[in-house]
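Chemist: Quick one: structure below, then a few questions.
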Amino acid sequence: MKTLVKTFAAAALIAVSTFAMAAEGPGAKATKNVNLSTADFALAHYVVVTTEGESAGVEQLFAENFSQKIQASNAQNHSRSKVVKLLKKQKGEKLNCTVSTDIIEESADYMVAKLALKFENFTKTDLITLERVGNDWKVSKSINSYK
């Protein structure tokens with residue numbers, strides 16, 4: 001009898017946890033809020049989003065006036081919506097590179113950081129500007145160049 005009760009209890013526990021996960025749905029992680037309360041957290045999340053395909057908090061990470069400029073033979077400018085859409089599309093894709101981060105300038109409400117993504121045959125440099133917006137930090141500008 002004890003074994004039967006334990007089996008039913010285990011089955012009930014499995015059922016409840018399955019229903020809880022199903023209630024969150026497949027896209028629940030993508031809309032989950034992330035901690036952007038400090039510039040360091042926002043910078044770390046930017047690195048994870050751009051290099052490891054993390055999709056949680058992508059929309060939360062970028063300021064409404066975000067812009068991206070790519071310095072190349074055919075210079076390009078991208079809006080917030082285009083970058084967010086691209087990053088969501090790259091969900092789960094990890095870049096094969098090493099990342100180094102340098103903080104160039106930092107104040108109470110502003111940070112400029114330099115990311116160097118070293119691939120096998122080239123290096124992508126990403127200068128990003130982060131700003132405090134309310135209680136969170138947001139990426140407001142990104143300038144990319146390639147060597």
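As shown in the structure tokens, the chain order sets the letters A, B, ...; within each chain, residues go from 1, and ligands are also counted from 1 in the order they appear.
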Counting only C-alpha atoms, what is within 9 Å of region 42-49 of chain A, bar same-chain residues fewer than 4 positions away, as a PyMOL selection string?
Modeler: chain A and resi 34-38+53-58+61+87+91+99+101+113+115+128+130+136-139
Chemist: As a ChimeraX atom specification, list the residues of region 16-144 of chain A assigned to strand (DSSP E or B) by DSSP on the backbone atoms of this structure.
Modeler: /A:62-71,76-79,98-106,110-118,123-133,136-144
Chemist: So which residues touch region 120-126 of chain A within 9 Å, counting only C-alpha atoms, skipping near sequence neighbours fewer than 3 positions away, as a ChimeraX atom specification?
Modeler: /A:96-97,113-117,142-147
Chemist: Put those residues in a file: all heavy atoms, as a compact mmCIF listing (two decimals), in the first residue's frame.
Modeler:
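Saved result, result-v4.txt, follows:
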```
# COMPACT_ATOMS: atom_id res chain seq x y z
N ASN A 96 31.71 31.39 -33.10
CA ASN A 96 32.98 30.74 -32.82
C ASN A 96 34.08 31.81 -32.75
O ASN A 96 34.80 32.03 -33.72
CB ASN A 96 33.30 29.69 -33.89
CG ASN A 96 34.52 28.89 -33.57
OD1 ASN A 96 34.97 28.86 -32.43
ND2 ASN A 96 35.08 28.24 -34.57
N CYS A 97 34.14 32.49 -31.61
CA CYS A 97 35.10 33.57 -31.45
C CYS A 97 35.47 33.73 -29.98
O CYS A 97 34.78 33.19 -29.11
CB CYS A 97 34.52 34.89 -31.98
SG CYS A 97 33.08 35.48 -31.07
N ALA A 113 31.81 51.05 -24.00
CA ALA A 113 32.62 49.83 -23.91
C ALA A 113 33.04 49.40 -25.30
O ALA A 113 32.37 49.68 -26.30
CB ALA A 113 31.82 48.73 -23.23
N LYS A 114 34.17 48.70 -25.34
CA LYS A 114 34.70 48.18 -26.59
C LYS A 114 34.73 46.65 -26.49
O LYS A 114 35.33 46.11 -25.56
CB LYS A 114 36.10 48.71 -26.83
CG LYS A 114 36.78 48.16 -28.06
CD LYS A 114 38.19 48.72 -28.18
CE LYS A 114 38.94 48.09 -29.32
NZ LYS A 114 40.33 48.59 -29.39
N LEU A 115 34.06 46.01 -27.42
CA LEU A 115 34.08 44.55 -27.50
C LEU A 115 34.92 44.17 -28.71
O LEU A 115 34.73 44.72 -29.79
CB LEU A 115 32.68 43.97 -27.70
CG LEU A 115 31.63 44.29 -26.66
CD1 LEU A 115 30.30 43.66 -27.06
CD2 LEU A 115 32.05 43.79 -25.32
N ALA A 116 35.82 43.24 -28.51
CA ALA A 116 36.60 42.70 -29.63
C ALA A 116 36.22 41.23 -29.76
O ALA A 116 36.41 40.45 -28.83
CB ALA A 116 38.08 42.86 -29.39
N LEU A 117 35.66 40.87 -30.90
CA LEU A 117 35.30 39.49 -31.19
C LEU A 117 36.31 38.97 -32.19
O LEU A 117 36.32 39.38 -33.35
CB LEU A 117 33.88 39.42 -31.78
CG LEU A 117 32.72 39.60 -30.81
CD1 LEU A 117 32.66 40.99 -30.25
CD2 LEU A 117 31.43 39.24 -31.48
N SER A 142 25.59 51.31 -31.22
CA SER A 142 26.60 50.30 -31.52
C SER A 142 27.26 50.68 -32.83
O SER A 142 26.58 50.96 -33.82
CB SER A 142 25.95 48.92 -31.64
OG SER A 142 26.85 47.97 -32.16
N ILE A 143 28.60 50.71 -32.83
CA ILE A 143 29.35 50.98 -34.04
C ILE A 143 30.31 49.81 -34.25
O ILE A 143 31.14 49.52 -33.38
CB ILE A 143 30.13 52.31 -33.96
CG1 ILE A 143 29.18 53.47 -33.69
CG2 ILE A 143 30.95 52.53 -35.22
CD1 ILE A 143 29.87 54.78 -33.42
N ASN A 144 30.18 49.16 -35.38
CA ASN A 144 30.98 47.96 -35.69
C ASN A 144 32.01 48.26 -36.78
O ASN A 144 31.70 48.95 -37.75
CB ASN A 144 30.09 46.82 -36.20
CG ASN A 144 29.11 46.37 -35.14
OD1 ASN A 144 29.49 45.86 -34.12
ND2 ASN A 144 27.83 46.58 -35.42
N SER A 145 33.19 47.69 -36.61
CA SER A 145 34.20 47.74 -37.67
C SER A 145 34.88 46.39 -37.72
O SER A 145 34.84 45.62 -36.77
CB SER A 145 35.21 48.86 -37.41
OG SER A 145 35.91 48.62 -36.21
N TYR A 146 35.52 46.12 -38.86
CA TYR A 146 36.14 44.82 -39.10
C TYR A 146 37.58 44.99 -39.54
O TYR A 146 37.90 45.89 -40.29
CB TYR A 146 35.36 44.05 -40.18
CG TYR A 146 33.94 43.75 -39.75
CD1 TYR A 146 32.92 44.67 -39.95
CD2 TYR A 146 33.64 42.55 -39.14
CE1 TYR A 146 31.62 44.40 -39.55
CE2 TYR A 146 32.35 42.26 -38.75
CZ TYR A 146 31.35 43.18 -38.96
OH TYR A 146 30.05 42.91 -38.56
N LYS A 147 38.45 44.10 -39.08
CA LYS A 147 39.86 44.08 -39.50
C LYS A 147 40.21 42.68 -39.96
O LYS A 147 39.82 41.71 -39.39
CB LYS A 147 40.79 44.43 -38.34
CG LYS A 147 40.72 45.88 -37.96
CD LYS A 147 41.75 46.13 -36.87
CE LYS A 147 41.60 47.54 -36.32
NZ LYS A 147 42.45 47.80 -35.22
```
Chemist: Between CA of Gln60 (chain A) and CA of Met111 (chain A), what is the spacing in Å?
Modeler: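 Result for CA of Met111 (chain A) versus CA of Gln60 (chain A): 17.4 Å, one decimal.
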Chemist: Can you work out which one of A:Val133, A:Ile104, A:Leu127, A:Ala39 has the shortest atom-to-atom distance to Ser67 (chain A), counting only C-alpha atoms?
Modeler: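 With only C-alpha atoms as the atom set, the closest residue is A:Leu127.
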Chemist: Rounded to one decimal place, report the CA of Ala63 (chain A)-CA of Glu131 (chain A) distance in Å.
Modeler: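 Taking CA of Ala63 (chain A) and CA of Glu131 (chain A), their separation equals 8.3 Å.
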